[in-house]
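Following: one structure in structure tokens, then a few remarks.
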Amino acid sequence: MKLLFILPAVGRKDGEEYIGTWKMEPLTIAALKALTPPYIETFFFDDRIEEIDYTIDVDIIAISAETYTASRAYKIAKKFRENGIPVVMGGYHVTAIPDEALEYCDSIITGNAETVWEQMLDDFKNSRLQRRYDGERGAIPKMPDRSIYNGKKYLPLTLIETGRGCPFSCEFCAITSYYCAKYTPRPVDDIVSEIKQSKNKIIFFIDDNITSKREHILALCKAITPLKIKWASQVALSVAKDDELLKAIKKSGCQLLLIGFESLDNANLDQMNKSWNYKLGERDEMVRKIHKAGIGIYSTFVFGFDFDSAGNFDATVNFAMKHKFFFAAFNHLLPFPGTPLFERLQRENLLLYDKWWLKNDYKYGDIPYRPKNISPEDLKEYCANARRRFFKPLSILKRGIASMFRNANPLITAIFFSQNKALRKEVDKKLDLPVGTGIDEGVIK
């Protein structure tokens, strides 16, 4: 029996390479490989870095789809099904709207695959493949099998899960909707074993909030401190309120924390169900505490809520520049299916199209709804201009000097300048990137 894994790309502009910072190893595929019995021969095409061979001799296809890659996933599935090869799909998007996915494939897996993957393969082997398999949400992952990456080139960092989910209920977040605002930690011993097997000493813990369970993260920090790794992850701003935790995180090798500030406007934070972010205390002081600990901050902001106006953008960029953040993202609000945000905009008749991810000419950066105080066109341009301003050469230089004072490690300095330079180039490379197209039309990756 032969199984082919496929990770779809978002899309590509004509004549341009695929977005460089998106070329991280796909942990989902290694996780599925680990669940696959050894008698099954496996293959893998990563649509972001290589061409898909639609003539390959396999028995079944497995595609992992996110909302941004759903259109591309459906096109890939169509070609293989036309050749008589059945397709199974899973992923966040499939879990959010399973009925849509079922229109484009033979079977779907919702939730996490750990509890149903082998059953699905056994059913297929015995000619009784079901239309739908519902996995548990928050299942504990097995040790990923990264041998599936052999021969492929990814960014030199390892992605590892320390848990799944997030306890908060932000209106726009697909993750909290997917895991029903719950967090399931992974055994610390398993995480340590995976780190020891990694060929990289730079780790990105992909949790949406690695500090969700205090006892768990403290135990993890204690266990990984002797490993001398350098790591980054995502946390809530509340980490600055816990001196013991902040010290443990830094001691264990943390170099960078991604923090969702989302908005500097309290009314916006109320609307997105994130009022706790401003109730923590003085925002500037908490930023200073994290920086004083020697940890960089990747700040993220979201624009397009009801209380945003043109002035919010300048204030936010000024805030990011004042604190000389390691990185910053200035994103427009995007209604992902299955989220309370999507349902609210649909209920209020503010969506410009029901399924923006399937719109033929949808481009990265397009606004698929009507904001209250800004036109969709202006919101798109304001976000792009905020990125352009933050990643100007002089800004990169000033922030780089500040980063060196916080953390004098030469490797971190090299990462700062190389990645800020890459992100500067990608501001306009991402803007108007065609979603779901441009991959098969050319060979440049």
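Ordered as shown in the structure tokens, chains take letters A, B, and onward, while each chain numbers its residues from 1 and ligands are numbered from 1 in the order shown.
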Legend entry - Non-local contacts of range 312-318 of chain A (7 Å; only C-alpha atoms; under 5 positions in same chain excluded) as an NGL selection string: :A and (264 or 382 or 386 or 390)
Could you make a table, as a tab-separated table, of the residues of range 8-74 of chain A that have an atom within 8 Å of an atom of range 119-142 of chain A, each with its nearest atom pair and distance in Å to one decimal, counting only C-alpha atoms, in chain and number order?
residue	atom	partner	partner_atom	distance
A:Ala31	CA	A:Lys142	CA	6.9
A:Ala34	CA	A:Lys142	CA	6.9
A:Leu35	CA	A:Lys142	CA	7.5
Serialized selection, C-alpha atoms, as an mmCIF file, in the first residue's frame:
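Output contents, as saved in result_38.cif:
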data_model
loop_
_atom_site.group_PDB
_atom_site.id
_atom_site.type_symbol
_atom_site.label_atom_id
_atom_site.label_comp_id
_atom_site.auth_asym_id
_atom_site.auth_seq_id
_atom_site.Cartn_x
_atom_site.Cartn_y
_atom_site.Cartn_z
ATOM 1 C CA ALA A 31 3.017 13.705 12.979
ATOM 2 C CA ALA A 34 4.543 8.720 12.890
ATOM 3 C CA LEU A 35 0.977 7.385 13.044
#
Inset, instruction - Find the residues around Tyr369 in chain A up to 7 Å (only C-alpha atoms counted), leave out those fewer than 4 positions away in its own chain, and share them as a ChimeraX atom specification. - result: /A:350-352
Cut-off 9 Å: closest range 306-409 of chain A/range 273-296 of chain A atom pairs per residue, using only C-alpha atoms, as CSV:
residue,atom,partner,partner_atom,distance
A:Phe319,CA,A:Asp284,CA,8.9
A:His323,CA,A:Val287,CA,7.6
A:Phe325,CA,A:Gly296,CA,6.8
A:Phe326,CA,A:Gly296,CA,5.7
A:Phe327,CA,A:Gly296,CA,8.5
A:Ser403,CA,A:Gly296,CA,7.1
A:Phe405,CA,A:Gly294,CA,8.6
A:Arg406,CA,A:Gly294,CA,4.9
A:Asn407,CA,A:Gly294,CA,5.6
For the selection just defined, write its residues with C-alpha atoms to a file, as a CSV table (one decimal), in the first residue's frame.
chain,number,residue,atom,x,y,z
A,319,PHE,CA,4.4,52.1,20.0
A,323,HIS,CA,9.9,49.7,22.2
A,325,PHE,CA,10.5,45.2,19.0
A,326,PHE,CA,12.4,42.3,17.4
A,327,PHE,CA,9.6,41.8,14.9
A,403,SER,CA,18.4,43.9,20.4
A,405,PHE,CA,22.0,45.5,24.1
A,406,ARG,CA,19.3,43.2,25.4
A,407,ASN,CA,21.0,40.0,24.2
Inset, instruction - Identify, with DSSP run on backbone atoms, the residues in range 404-438 of chain A assigned to helix (DSSP H, G or I), and express the list as number ranges by chain. - result: A: 404-406, 410-430
Create the file for the chosen residues now, containing N, CA and C atoms and written as a short mmCIF file (atom, residue, chain, number, x, y, z; two decimals), in the first residue's frame.
data_model
loop_
_atom_site.label_atom_id
_atom_site.label_comp_id
_atom_site.auth_asym_id
_atom_site.auth_seq_id
_atom_site.Cartn_x
_atom_site.Cartn_y
_atom_site.Cartn_z
N MET A 404 20.80 43.97 20.40
CA MET A 404 22.14 43.56 20.84
C MET A 404 22.40 43.93 22.29
N PHE A 405 21.85 45.06 22.72
CA PHE A 405 22.01 45.46 24.13
C PHE A 405 21.22 44.53 25.05
N ARG A 406 20.06 44.07 24.57
CA ARG A 406 19.26 43.15 25.40
C ARG A 406 19.88 41.76 25.44
N PRO A 410 25.75 36.52 19.33
CA PRO A 410 25.97 36.78 17.90
C PRO A 410 24.96 36.07 17.00
N LEU A 411 24.55 34.86 17.38
CA LEU A 411 23.59 34.12 16.56
C LEU A 411 22.25 34.84 16.51
N ILE A 412 21.79 35.33 17.66
CA ILE A 412 20.51 36.04 17.70
C ILE A 412 20.60 37.35 16.91
N THR A 413 21.74 38.01 16.98
CA THR A 413 21.93 39.22 16.19
C THR A 413 21.87 38.92 14.70
N ALA A 414 22.51 37.84 14.30
CA ALA A 414 22.49 37.44 12.89
C ALA A 414 21.07 37.11 12.44
N ILE A 415 20.33 36.42 13.29
CA ILE A 415 18.94 36.09 12.96
C ILE A 415 18.11 37.36 12.85
N PHE A 416 18.34 38.30 13.78
CA PHE A 416 17.58 39.56 13.74
C PHE A 416 17.74 40.24 12.38
N PHE A 417 18.96 40.47 11.97
CA PHE A 417 19.18 41.24 10.75
C PHE A 417 18.77 40.47 9.49
N SER A 418 19.05 39.18 9.43
CA SER A 418 18.67 38.41 8.24
C SER A 418 17.16 38.31 8.09
N GLN A 419 16.46 38.07 9.21
CA GLN A 419 15.01 37.90 9.12
C GLN A 419 14.27 39.23 8.97
N ASN A 420 14.77 40.28 9.58
CA ASN A 420 14.15 41.58 9.36
C ASN A 420 14.31 42.03 7.91
N LYS A 421 15.48 41.73 7.35
CA LYS A 421 15.69 42.04 5.93
C LYS A 421 14.73 41.25 5.06
N ALA A 422 14.55 39.97 5.38
CA ALA A 422 13.62 39.13 4.61
C ALA A 422 12.19 39.63 4.74
N LEU A 423 11.79 39.99 5.95
CA LEU A 423 10.42 40.47 6.16
C LEU A 423 10.19 41.80 5.44
N ARG A 424 11.23 42.63 5.38
CA ARG A 424 11.10 43.89 4.64
C ARG A 424 10.81 43.62 3.17
N LYS A 425 11.53 42.69 2.58
CA LYS A 425 11.32 42.35 1.17
C LYS A 425 9.95 41.73 0.93
N GLU A 426 9.45 41.02 1.96
CA GLU A 426 8.21 40.27 1.76
C GLU A 426 6.94 41.09 1.97
N VAL A 427 7.08 42.32 2.47
CA VAL A 427 5.89 43.16 2.65
C VAL A 427 5.11 43.25 1.35
N ASP A 428 5.79 43.60 0.27
CA ASP A 428 5.11 43.76 -1.01
C ASP A 428 5.05 42.45 -1.80
N LYS A 429 5.90 41.48 -1.47
CA LYS A 429 5.80 40.18 -2.13
C LYS A 429 4.53 39.46 -1.70
N LYS A 430 4.15 39.62 -0.43
CA LYS A 430 2.92 38.98 0.06
C LYS A 430 1.67 39.71 -0.42
#
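For the choices A:Pro26, A:Pro340, A:Gly165, A:Gly90, the atom-to-atom distance to Ile148 in chain A is smallest for A:Pro26 when using only C-alpha atoms.
Distances to Lys152 in chain A were evaluated for A:Lys13, A:Lys23, A:Lys322, A:Arg387 using only C-alpha atoms, and the minimum falls at A:Lys23.
DSSP, applied to the backbone of this structure, assigns strand (DSSP E) to the following residues of range 207-402 of chain A: Lys230, Trp231, Ala232, Ser233, Gln234, Val235, Cys254, Gln255, Leu256, Leu257, Leu258, Ile259, Gly260, Phe261, Glu262, Gly296, Ile297, Tyr298, Ser299, Thr300, Phe301, Val302, Phe303, Phe327, Ala328, Ala329, Phe330, Asn331 and His332 of chain A.
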